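Enquirer: So that you have it, the file is final.cif, and it contains mmCIF, C-alpha atoms:
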```cif
data_query
loop_
_atom_site.group_PDB
_atom_site.id
_atom_site.type_symbol
_atom_site.label_atom_id
_atom_site.label_comp_id
_atom_site.auth_asym_id
_atom_site.auth_seq_id
_atom_site.Cartn_x
_atom_site.Cartn_y
_atom_site.Cartn_z
ATOM 1 C CA MET A 91 111.003 82.597 94.144
ATOM 2 C CA LYS A 92 109.832 79.545 96.106
ATOM 3 C CA PRO A 93 106.197 79.477 97.288
ATOM 4 C CA ALA A 94 105.162 78.346 100.760
ATOM 5 C CA ALA A 95 104.977 74.629 101.438
ATOM 6 C CA GLY A 96 101.742 73.086 100.273
ATOM 7 C CA ALA A 97 101.119 75.730 97.626
ATOM 8 C CA GLY A 98 100.916 73.026 94.953
ATOM 9 C CA THR A 99 104.159 73.744 93.095
ATOM 10 C CA ALA A 100 107.847 74.018 93.882
ATOM 11 C CA PHE A 101 108.628 77.228 92.005
ATOM 12 C CA ALA A 102 106.956 80.195 90.330
ATOM 13 C CA VAL A 103 108.093 82.518 87.547
ATOM 14 C CA VAL A 104 107.621 86.288 87.888
ATOM 15 C CA PRO A 105 108.874 89.326 85.909
ATOM 16 C CA ALA A 106 112.270 90.369 87.266
ATOM 17 C CA ALA A 107 111.080 93.957 87.819
ATOM 18 C CA TYR A 108 108.534 92.682 90.342
ATOM 19 C CA ALA A 109 110.818 90.232 92.165
ATOM 20 C CA LEU A 110 112.273 91.570 95.399
ATOM 21 C CA PRO A 111 115.245 90.263 97.402
ATOM 22 C CA LEU A 112 114.083 89.140 100.824
ATOM 23 C CA PRO A 113 116.102 90.061 103.913
ATOM 24 C CA ASP A 114 117.938 87.316 105.783
ATOM 25 C CA GLY A 115 117.219 86.391 109.380
ATOM 26 C CA TYR A 116 113.418 86.179 109.193
ATOM 27 C CA THR A 117 111.133 83.144 109.218
ATOM 28 C CA ASP A 118 108.464 82.686 106.544
ATOM 29 C CA ASP A 119 105.824 83.801 109.074
ATOM 30 C CA GLU A 120 107.804 86.994 109.695
ATOM 31 C CA LEU A 121 108.478 87.710 106.011
ATOM 32 C CA ALA A 122 104.787 87.577 105.076
ATOM 33 C CA PRO A 123 103.825 90.759 107.005
ATOM 34 C CA LEU A 124 106.903 92.572 105.710
ATOM 35 C CA LEU A 125 105.696 92.036 102.145
ATOM 36 C CA CYS A 126 102.259 93.549 102.744
ATOM 37 C CA ALA A 127 101.702 95.325 106.035
ATOM 38 C CA GLY A 128 105.307 96.471 106.215
ATOM 39 C CA LEU A 129 105.366 97.906 102.701
ATOM 40 C CA ILE A 130 102.178 99.946 103.018
ATOM 41 C CA GLY A 131 103.256 101.133 106.457
ATOM 42 C CA TYR A 132 106.572 102.315 105.039
ATOM 43 C CA HIS A 133 104.739 104.221 102.308
ATOM 44 C CA ALA A 134 102.418 105.782 104.904
ATOM 45 C CA LEU A 135 105.474 106.865 106.889
ATOM 46 C CA GLU A 136 106.887 108.564 103.797
ATOM 47 C CA ARG A 137 103.535 110.288 103.176
ATOM 48 C CA ALA A 138 103.438 111.524 106.778
ATOM 49 C CA GLN A 139 106.602 113.588 106.182
ATOM 50 C CA VAL A 140 108.082 113.086 109.636
ATOM 51 C CA PRO A 141 110.876 115.628 110.133
ATOM 52 C CA GLU A 142 114.270 114.497 111.392
ATOM 53 C CA GLY A 143 113.957 113.785 115.107
ATOM 54 C CA GLY A 144 110.232 114.527 114.873
ATOM 55 C CA ARG A 145 107.223 113.465 116.943
ATOM 56 C CA LEU A 146 105.016 110.873 115.250
ATOM 57 C CA GLY A 147 101.584 109.769 116.407
ATOM 58 C CA ILE A 148 100.260 106.362 115.328
ATOM 59 C CA TYR A 149 96.527 105.662 115.586
ATOM 60 C CA GLY A 150 95.774 101.950 115.644
ATOM 61 C CA PHE A 151 98.519 99.407 116.285
ATOM 62 C CA GLY A 152 98.138 96.269 114.191
ATOM 63 C CA GLY A 153 100.124 94.525 111.471
ATOM 64 C CA SER A 154 101.318 97.654 109.640
ATOM 65 C CA ALA A 155 101.614 99.998 112.582
ATOM 66 C CA HIS A 156 103.854 97.835 114.781
ATOM 67 C CA LEU A 157 106.387 97.614 111.937
ATOM 68 C CA THR A 158 106.093 101.271 110.935
ATOM 69 C CA ALA A 159 106.712 102.363 114.521
ATOM 70 C CA GLN A 160 110.003 100.465 114.596
ATOM 71 C CA VAL A 161 111.183 102.058 111.352
ATOM 72 C CA ALA A 162 110.311 105.535 112.652
ATOM 73 C CA ILE A 163 112.068 104.917 115.979
ATOM 74 C CA ALA A 164 115.181 103.580 114.208
ATOM 75 C CA ARG A 165 115.220 106.798 112.166
ATOM 76 C CA GLY A 166 115.229 108.876 115.339
ATOM 77 C CA ALA A 167 111.552 109.802 115.722
ATOM 78 C CA THR A 168 109.679 109.883 119.007
ATOM 79 C CA VAL A 169 106.592 107.703 118.590
ATOM 80 C CA HIS A 170 103.329 108.026 120.497
ATOM 81 C CA VAL A 171 100.663 105.342 120.003
ATOM 82 C CA MET A 172 96.908 105.735 120.348
ATOM 83 C CA THR A 173 94.927 102.496 120.168
ATOM 84 C CA ARG A 174 91.905 100.892 121.833
ATOM 85 C CA SER A 175 93.600 97.542 122.551
ATOM 86 C CA GLU A 176 95.375 97.206 125.890
ATOM 87 C CA GLU A 177 97.535 94.377 124.514
ATOM 88 C CA ALA A 178 98.520 96.535 121.538
ATOM 89 C CA ARG A 179 99.501 99.346 123.907
ATOM 90 C CA LYS A 180 101.742 96.932 125.802
ATOM 91 C CA LEU A 181 103.335 95.817 122.526
ATOM 92 C CA ALA A 182 103.896 99.440 121.478
ATOM 93 C CA LEU A 183 105.763 100.226 124.683
ATOM 94 C CA ALA A 184 107.792 97.022 124.405
ATOM 95 C CA LEU A 185 108.864 98.046 120.890
ATOM 96 C CA GLY A 186 110.079 101.450 122.043
ATOM 97 C CA ALA A 187 107.118 103.824 121.811
ATOM 98 C CA ALA A 188 107.429 106.818 124.140
ATOM 99 C CA SER A 189 103.776 106.519 125.178
ATOM 100 C CA ALA A 190 100.691 104.434 124.451
ATOM 101 C CA VAL A 191 97.169 105.584 125.345
ATOM 102 C CA ALA A 192 93.571 104.894 124.344
ATOM 103 C CA ALA A 193 92.571 105.666 120.756
ATOM 104 C CA ALA A 194 90.877 109.045 121.240
ATOM 105 C CA GLU A 195 93.150 110.325 124.034
ATOM 106 C CA PRO A 196 95.579 113.150 123.216
ATOM 107 C CA PRO A 197 99.302 112.337 123.073
ATOM 108 C CA PRO A 198 101.513 113.864 125.783
ATOM 109 C CA GLU A 199 102.992 116.432 123.372
ATOM 110 C CA PRO A 200 102.091 118.058 120.034
ATOM 111 C CA LEU A 201 102.842 115.921 116.984
ATOM 112 C CA ASP A 202 104.792 116.828 113.860
ATOM 113 C CA SER A 203 103.127 113.982 111.946
ATOM 114 C CA ALA A 204 100.513 111.307 112.457
ATOM 115 C CA ILE A 205 99.407 108.142 110.685
ATOM 116 C CA LEU A 206 95.883 106.774 111.023
ATOM 117 C CA PHE A 207 95.926 103.003 110.524
ATOM 118 C CA ALA A 208 92.609 102.322 112.243
ATOM 119 C CA PRO A 209 89.701 102.473 109.726
ATOM 120 C CA VAL A 210 87.808 104.818 112.040
ATOM 121 C CA GLY A 211 86.878 108.213 110.606
ATOM 122 C CA GLU A 212 85.977 109.495 114.069
ATOM 123 C CA LEU A 213 89.686 109.514 114.912
ATOM 124 C CA VAL A 214 90.521 112.044 112.187
ATOM 125 C CA PRO A 215 89.484 115.130 114.229
ATOM 126 C CA PRO A 216 91.468 114.184 117.376
ATOM 127 C CA ALA A 217 94.460 113.227 115.226
ATOM 128 C CA LEU A 218 94.385 116.596 113.459
ATOM 129 C CA GLU A 219 93.907 118.423 116.754
ATOM 130 C CA ALA A 220 97.000 116.664 118.117
ATOM 131 C CA LEU A 221 99.179 118.035 115.297
ATOM 132 C CA ASP A 222 101.450 120.980 115.850
ATOM 133 C CA ARG A 223 101.373 123.792 113.269
ATOM 134 C CA GLY A 224 102.384 122.574 109.824
ATOM 135 C CA GLY A 225 101.795 118.947 110.809
ATOM 136 C CA THR A 226 100.728 116.188 108.424
ATOM 137 C CA LEU A 227 98.171 113.427 108.940
ATOM 138 C CA ALA A 228 98.447 110.395 106.613
ATOM 139 C CA LEU A 229 95.351 108.198 106.275
ATOM 140 C CA ALA A 230 96.781 104.723 105.738
ATOM 141 C CA GLY A 231 93.720 102.480 105.476
ATOM 142 C CA ILE A 232 92.137 101.179 102.265
ATOM 143 C CA HIS A 233 88.800 101.738 103.992
ATOM 144 C CA LEU A 234 87.716 104.502 106.359
ATOM 145 C CA SER A 235 84.355 105.142 107.969
ATOM 146 C CA ASP A 236 82.812 108.596 107.527
ATOM 147 C CA ILE A 237 84.789 111.519 108.911
ATOM 148 C CA PRO A 238 82.821 113.846 111.237
ATOM 149 C CA SER A 239 82.621 117.573 110.597
ATOM 150 C CA LEU A 240 85.878 119.410 111.101
ATOM 151 C CA ASN A 241 86.336 122.756 112.802
ATOM 152 C CA TYR A 242 88.697 124.872 110.741
ATOM 153 C CA GLN A 243 90.380 126.598 113.694
ATOM 154 C CA ARG A 244 90.828 123.452 115.809
ATOM 155 C CA HIS A 245 91.674 120.915 113.129
ATOM 156 C CA LEU A 246 93.110 122.545 109.988
ATOM 157 C CA PHE A 247 94.341 126.051 110.720
ATOM 158 C CA GLN A 248 98.102 126.740 110.931
ATOM 159 C CA GLU A 249 98.758 124.788 107.752
ATOM 160 C CA ARG A 250 97.946 121.291 108.954
ATOM 161 C CA GLN A 251 97.380 118.912 106.056
ATOM 162 C CA VAL A 252 95.696 115.557 105.394
ATOM 163 C CA ARG A 253 97.135 113.076 102.883
ATOM 164 C CA SER A 254 95.688 109.778 101.705
ATOM 165 C CA VAL A 255 97.700 106.592 101.154
ATOM 166 C CA THR A 256 96.971 104.231 98.266
ATOM 167 C CA ALA A 257 99.843 101.835 97.527
ATOM 168 C CA ASN A 258 103.594 101.644 97.827
ATOM 169 C CA THR A 259 105.986 101.916 94.901
ATOM 170 C CA ARG A 260 108.490 99.237 93.866
ATOM 171 C CA ALA A 261 111.329 101.588 94.789
ATOM 172 C CA GLU A 262 109.908 101.951 98.303
ATOM 173 C CA ALA A 263 109.536 98.170 98.522
ATOM 174 C CA ARG A 264 113.240 97.754 97.796
ATOM 175 C CA GLU A 265 114.098 100.487 100.308
ATOM 176 C CA PHE A 266 111.965 98.954 103.047
ATOM 177 C CA LEU A 267 113.233 95.402 102.574
ATOM 178 C CA ALA A 268 116.820 96.682 102.575
ATOM 179 C CA PHE A 269 116.025 98.550 105.794
ATOM 180 C CA ALA A 270 114.557 95.367 107.308
ATOM 181 C CA GLY A 271 117.769 93.567 106.388
ATOM 182 C CA ALA A 272 119.949 96.196 108.054
ATOM 183 C CA HIS A 273 117.711 96.695 111.100
ATOM 184 C CA ARG A 274 116.211 93.550 112.622
ATOM 185 C CA LEU A 275 112.501 94.295 113.046
ATOM 186 C CA GLU A 276 110.477 92.486 115.679
ATOM 187 C CA VAL A 277 107.541 90.971 113.781
ATOM 188 C CA SER A 278 104.598 89.999 115.988
ATOM 189 C CA THR A 279 102.510 87.336 114.240
ATOM 190 C CA VAL A 280 99.526 85.105 114.961
ATOM 191 C CA PRO A 281 99.412 82.132 112.528
ATOM 192 C CA TYR A 282 96.215 80.625 111.101
ATOM 193 C CA PRO A 283 95.699 77.740 108.689
ATOM 194 C CA LEU A 284 94.495 78.759 105.234
ATOM 195 C CA THR A 285 91.134 77.212 106.093
ATOM 196 C CA GLY A 286 90.917 79.550 109.087
ATOM 197 C CA ALA A 287 90.884 82.782 107.071
ATOM 198 C CA ASP A 288 87.362 83.656 108.235
ATOM 199 C CA ARG A 289 88.380 83.254 111.873
ATOM 200 C CA ALA A 290 91.458 85.413 111.280
ATOM 201 C CA PHE A 291 89.311 88.238 109.886
ATOM 202 C CA MET A 292 86.906 87.991 112.822
ATOM 203 C CA ASP A 293 89.789 88.060 115.307
ATOM 204 C CA LEU A 294 91.268 91.101 113.579
ATOM 205 C CA ALA A 295 87.934 92.939 113.741
ATOM 206 C CA ALA A 296 87.622 92.105 117.443
ATOM 207 C CA ASP A 297 91.202 93.178 118.301
ATOM 208 C CA ARG A 298 92.198 89.638 119.252
ATOM 209 C CA VAL A 299 95.333 89.744 117.066
ATOM 210 C CA ASN A 300 98.369 91.414 118.577
ATOM 211 C CA GLY A 301 100.461 92.284 115.537
ATOM 212 C CA ALA A 302 99.851 90.621 112.166
ATOM 213 C CA ALA A 303 97.671 87.635 111.271
ATOM 214 C CA VAL A 304 99.451 85.180 108.960
ATOM 215 C CA LEU A 305 97.767 82.474 106.867
ATOM 216 C CA ARG A 306 99.741 79.265 106.378
ATOM 217 C CA ALA A 307 99.173 77.036 103.356
ATOM 218 C CA GLY A 308 99.197 73.300 103.939
#
```
Go ahead and express the file in the form of structure tokens.
Expert:
Amino acid sequence: MKPAAGAGTAFAVVPAAYALPLPDGYTDDELAPLLCAGLIGYHALERAQVPEGGRLGIYGFGGSAHLTAQVAIARGATVHVMTRSEEARKLALALGAASAVAAAEPPPEPLDSAILFAPVGELVPPALEALDRGGTLALAGIHLSDIPSLNYQRHLFQERQVRSVTANTRAEAREFLAFAGAHRLEVSTVPYPLTGADRAFMDLAADRVNGAAVLRAG
């Protein structure tokens, strides 16, 4: 395992069980989001239980979501994106999404599954309401603002379910990186110097990053 240039050392030693083979054909900037945003997005996709050929809704379209959407589409799902950023909606359509609308707007058809990447609890009710009977909503963020009151008939009846997402497993990491090696994913990145981490976080909060923010050492 060779760290990024400027990291202060040429090599690092890690336990073999935690070392993962990286897919060929990606730059360092592109690999970085795969190892974080991509992994948690893949786990969220598994938690969402998208049926074969199913209809998946994605709420929020940043670093994780734009990779997750491509995996779902490659598996045969129809993907609908709901996000507040106009630039993110354009990216979603360019990557193959069937539709892309504002965050709280309903998708054009009922969903079998949905993933909420945006840390906005107010989107939970419309996401649940968009699910068809038996649908699953996966909450993919490590933080989520308070969820408003739910109406049982509108949001949960007909066996809809809500599942949280914590962290991926090593087995899923190997699966996802193998998938990324077999299917070339388009990784949208915005690079920042390591000293610009604060600016990167502010740009992410203000929806000025289209895809994933990447910090470069050195």
Enquirer: Could you tell me how far atom CA of A:Ala296 sits from atom CA of A:Pro215, in Å to one decimal place?
Expert: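 Separation between atom CA of A:Pro215 and atom CA of A:Ala296: 23.3 Å.
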Enquirer: As a check of understanding, name the residues that the PyMOL selection byres ((chain A and resi 147-150) around 7) selects in the supplied structure, as a PyMOL selection string.
Expert: chain A and resi 145-146+151-152+155+169-173+193+201+203-208
Enquirer: Per residue of stretch 140-224 of chain A within 8 Å of stretch 124-135 of chain A, which atom pair is closest and at what distance in Å (one decimal), using all atoms listed in the file, listed by chain and increasing number, as CSV?
Expert:
```
residue,atom,partner,partner_atom,distance
A:Val140,CA,A:Leu135,CA,7.3
A:Gly153,CA,A:Ala127,CA,5.7
A:Ser154,CA,A:Ala127,CA,4.3
A:Ala155,CA,A:Gly131,CA,6.4
A:Leu157,CA,A:Gly128,CA,5.9
A:Thr158,CA,A:Gly131,CA,5.3
A:Val161,CA,A:Tyr132,CA,7.8
A:Ala162,CA,A:Leu135,CA,7.6
A:Ile205,CA,A:Ala134,CA,6.9
```
Enquirer: Given the PyMOL selection byres ((chain A and resi 235) around 12) and the file above, list the residues it selects as an MDAnalysis selection string.
Expert: chainID A and resid 208:214 229 231:234 236:238
Enquirer: Now that the selection is made, can you save its residues with C-alpha atoms as a short mmCIF file (atom, residue, chain, number, x, y, z; two decimals), in the frame of the given file?
Expert:
```cif
data_model
loop_
_atom_site.label_atom_id
_atom_site.label_comp_id
_atom_site.auth_asym_id
_atom_site.auth_seq_id
_atom_site.Cartn_x
_atom_site.Cartn_y
_atom_site.Cartn_z
CA ALA A 208 92.61 102.32 112.24
CA PRO A 209 89.70 102.47 109.73
CA VAL A 210 87.81 104.82 112.04
CA GLY A 211 86.88 108.21 110.61
CA GLU A 212 85.98 109.50 114.07
CA LEU A 213 89.69 109.51 114.91
CA VAL A 214 90.52 112.04 112.19
CA LEU A 229 95.35 108.20 106.28
CA GLY A 231 93.72 102.48 105.48
CA ILE A 232 92.14 101.18 102.26
CA HIS A 233 88.80 101.74 103.99
CA LEU A 234 87.72 104.50 106.36
CA ASP A 236 82.81 108.60 107.53
CA ILE A 237 84.79 111.52 108.91
CA PRO A 238 82.82 113.85 111.24
#
```
Enquirer: Using all atoms listed in the file, find the one residue out of A:Leu305, A:Asp118, A:Ala159, A:Gly224 that sits nearest to A:Leu284.
Expert: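 Checking each of A:Leu305, A:Asp118, A:Ala159, A:Gly224 against A:Leu284, counting all atoms listed in the file, the winner is A:Leu305.
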Enquirer: Show which residues sit within 8 Å of A:Asn300, as a list in words. Count all atoms listed in the file, and ignore same-chain residues fewer than 4 positions away.
Expert: Gly152, Gly153, Glu177, Ala178, Leu181, Ser278, Thr279 and Val280 of chain A
Enquirer: Under the rule that only C-alpha atoms are counted, which of A:Val277, A:Leu246, A:Leu240, A:Leu112 is the nearest residue to A:Leu221?
Expert: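 Once distances to A:Leu221 are computed over only C-alpha atoms, the minimum belongs to A:Leu246.
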Enquirer: What residues come out when you apply the PyMOL selection byres ((chain A and resi 166) around 10) to this file, written as a PyMOL selection string?
Expert: chain A and resi 141-145+160-165+167-169
Enquirer: Distance atom CA of A:Gln139-atom CA of A:Val252, one decimal place?
Expert: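 A separation of 11.1 Å between them.
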Enquirer: Between A:Gln248, A:Pro111, A:Leu121, A:Val104, which residue has the minimum interatomic distance to A:Arg264, considering only C-alpha atoms?
Expert: A:Pro111
Enquirer: Please define a box with edges along x, y and z of the file around all atoms of stretch 229-247 of chain A given in the file, extend it by 5 Å on each side, and return its centre and edge lengths in Å to one decimal, as lines of an AutoDock Vina configuration file.
Expert:
```
center_x = 89.7
center_y = 113.9
center_z = 109.0
size_x = 24.2
size_y = 35.4
size_z = 23.5
```
Enquirer: Select, from A:Ser189, A:Ser239, A:Ser175, A:Gln251, the residue with the minimum atom-to-atom distance to A:Gly225, counting all atoms listed in the file.
Expert: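 Of all the options, A:Gln251 lies closest to A:Gly225.
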Enquirer: Between atom CA of A:Pro113 and atom CA of A:Leu267, what is the distance, to one decimal in Å?
Expert: 6.2 Å
Enquirer: Under the rule that all atoms listed in the file are counted, which of A:Ala268, A:Ala184, A:Ala194, A:Ala307 is the nearest residue to A:Asp119?
Expert: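 Answer, going by the shortest atom-to-atom distance: A:Ala307.
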Enquirer: Kindly indicate which residue among A:Leu183, A:Glu262, A:Ala302, A:Ala138 lies nearest to A:Arg250, using all atoms listed in the file for the distances.
Expert: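 Of A:Leu183, A:Glu262, A:Ala302, A:Ala138, the one nearest A:Arg250 is A:Ala138, counting all atoms listed in the file.
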Enquirer: Since the input has fewer atoms than a full residue there, write stretch 185-196 of chain A out with all heavy atoms, as a PDB file, in the coordinates of the input.
Expert:
```pdb
ATOM      1  N   LEU A 185     108.098  97.796 122.119  1.00  0.00           N
ATOM      2  CA  LEU A 185     108.864  98.046 120.890  1.00  0.00           C
ATOM      3  C   LEU A 185     109.543  99.411 120.878  1.00  0.00           C
ATOM      4  O   LEU A 185     110.203  99.763 119.901  1.00  0.00           O
ATOM      5  CB  LEU A 185     107.943  97.914 119.676  1.00  0.00           C
ATOM      6  CG  LEU A 185     107.411  96.507 119.395  1.00  0.00           C
ATOM      7  CD1 LEU A 185     106.424  96.525 118.233  1.00  0.00           C
ATOM      8  CD2 LEU A 185     108.545  95.536 119.112  1.00  0.00           C
ATOM      9  N   GLY A 186     109.349 100.187 121.937  1.00  0.00           N
ATOM     10  CA  GLY A 186     110.079 101.450 122.043  1.00  0.00           C
ATOM     11  C   GLY A 186     109.271 102.715 121.928  1.00  0.00           C
ATOM     12  O   GLY A 186     109.839 103.814 121.892  1.00  0.00           O
ATOM     13  N   ALA A 187     107.940 102.614 121.863  1.00  0.00           N
ATOM     14  CA  ALA A 187     107.118 103.824 121.811  1.00  0.00           C
ATOM     15  C   ALA A 187     107.296 104.626 123.097  1.00  0.00           C
ATOM     16  O   ALA A 187     107.435 104.059 124.191  1.00  0.00           O
ATOM     17  CB  ALA A 187     105.649 103.461 121.611  1.00  0.00           C
ATOM     18  N   ALA A 188     107.264 105.949 122.975  1.00  0.00           N
ATOM     19  CA  ALA A 188     107.429 106.818 124.140  1.00  0.00           C
ATOM     20  C   ALA A 188     106.192 106.823 125.021  1.00  0.00           C
ATOM     21  O   ALA A 188     106.282 107.054 126.226  1.00  0.00           O
ATOM     22  CB  ALA A 188     107.766 108.236 123.688  1.00  0.00           C
ATOM     23  N   SER A 189     105.020 106.585 124.418  1.00  0.00           N
ATOM     24  CA  SER A 189     103.776 106.519 125.178  1.00  0.00           C
ATOM     25  C   SER A 189     102.772 105.699 124.392  1.00  0.00           C
ATOM     26  O   SER A 189     102.900 105.526 123.175  1.00  0.00           O
ATOM     27  CB  SER A 189     103.209 107.919 125.463  1.00  0.00           C
ATOM     28  OG  SER A 189     102.692 108.498 124.265  1.00  0.00           O
ATOM     29  N   ALA A 190     101.761 105.186 125.090  1.00  0.00           N
ATOM     30  CA  ALA A 190     100.691 104.434 124.451  1.00  0.00           C
ATOM     31  C   ALA A 190      99.421 104.647 125.266  1.00  0.00           C
ATOM     32  O   ALA A 190      99.376 104.293 126.446  1.00  0.00           O
ATOM     33  CB  ALA A 190     101.037 102.952 124.364  1.00  0.00           C
ATOM     34  N   VAL A 191      98.408 105.259 124.647  1.00  0.00           N
ATOM     35  CA  VAL A 191      97.169 105.584 125.345  1.00  0.00           C
ATOM     36  C   VAL A 191      95.986 105.107 124.513  1.00  0.00           C
ATOM     37  O   VAL A 191      96.145 104.578 123.412  1.00  0.00           O
ATOM     38  CB  VAL A 191      97.060 107.102 125.613  1.00  0.00           C
ATOM     39  CG1 VAL A 191      98.189 107.576 126.531  1.00  0.00           C
ATOM     40  CG2 VAL A 191      97.090 107.895 124.299  1.00  0.00           C
ATOM     41  N   ALA A 192      94.782 105.299 125.054  1.00  0.00           N
ATOM     42  CA  ALA A 192      93.571 104.894 124.344  1.00  0.00           C
ATOM     43  C   ALA A 192      93.424 105.696 123.051  1.00  0.00           C
ATOM     44  O   ALA A 192      93.991 106.783 122.894  1.00  0.00           O
ATOM     45  CB  ALA A 192      92.352 105.080 125.240  1.00  0.00           C
ATOM     46  N   ALA A 193      92.612 105.164 122.133  1.00  0.00           N
ATOM     47  CA  ALA A 193      92.571 105.666 120.756  1.00  0.00           C
ATOM     48  C   ALA A 193      92.270 107.151 120.638  1.00  0.00           C
ATOM     49  O   ALA A 193      92.891 107.854 119.841  1.00  0.00           O
ATOM     50  CB  ALA A 193      91.564 104.857 119.946  1.00  0.00           C
ATOM     51  N   ALA A 194      91.296 107.649 121.395  1.00  0.00           N
ATOM     52  CA  ALA A 194      90.877 109.045 121.240  1.00  0.00           C
ATOM     53  C   ALA A 194      91.565 109.985 122.222  1.00  0.00           C
ATOM     54  O   ALA A 194      91.309 111.188 122.213  1.00  0.00           O
ATOM     55  CB  ALA A 194      89.362 109.158 121.389  1.00  0.00           C
ATOM     56  N   GLU A 195      92.453 109.475 123.071  1.00  0.00           N
ATOM     57  CA  GLU A 195      93.150 110.325 124.034  1.00  0.00           C
ATOM     58  C   GLU A 195      94.234 111.143 123.330  1.00  0.00           C
ATOM     59  O   GLU A 195      94.839 110.684 122.360  1.00  0.00           O
ATOM     60  CB  GLU A 195      93.781 109.490 125.141  1.00  0.00           C
ATOM     61  CG  GLU A 195      92.789 108.889 126.115  1.00  0.00           C
ATOM     62  CD  GLU A 195      93.487 108.225 127.288  1.00  0.00           C
ATOM     63  OE1 GLU A 195      94.611 108.669 127.647  1.00  0.00           O
ATOM     64  OE2 GLU A 195      92.934 107.262 127.830  1.00  0.00           O
ATOM     65  N   PRO A 196      94.511 112.343 123.827  1.00  0.00           N
ATOM     66  CA  PRO A 196      95.579 113.150 123.216  1.00  0.00           C
ATOM     67  C   PRO A 196      96.952 112.602 123.597  1.00  0.00           C
ATOM     68  O   PRO A 196      97.132 112.066 124.691  1.00  0.00           O
ATOM     69  CB  PRO A 196      95.351 114.543 123.801  1.00  0.00           C
ATOM     70  CG  PRO A 196      94.667 114.290 125.107  1.00  0.00           C
ATOM     71  CD  PRO A 196      93.809 113.077 124.901  1.00  0.00           C
TER      72      PRO A 196
END
```
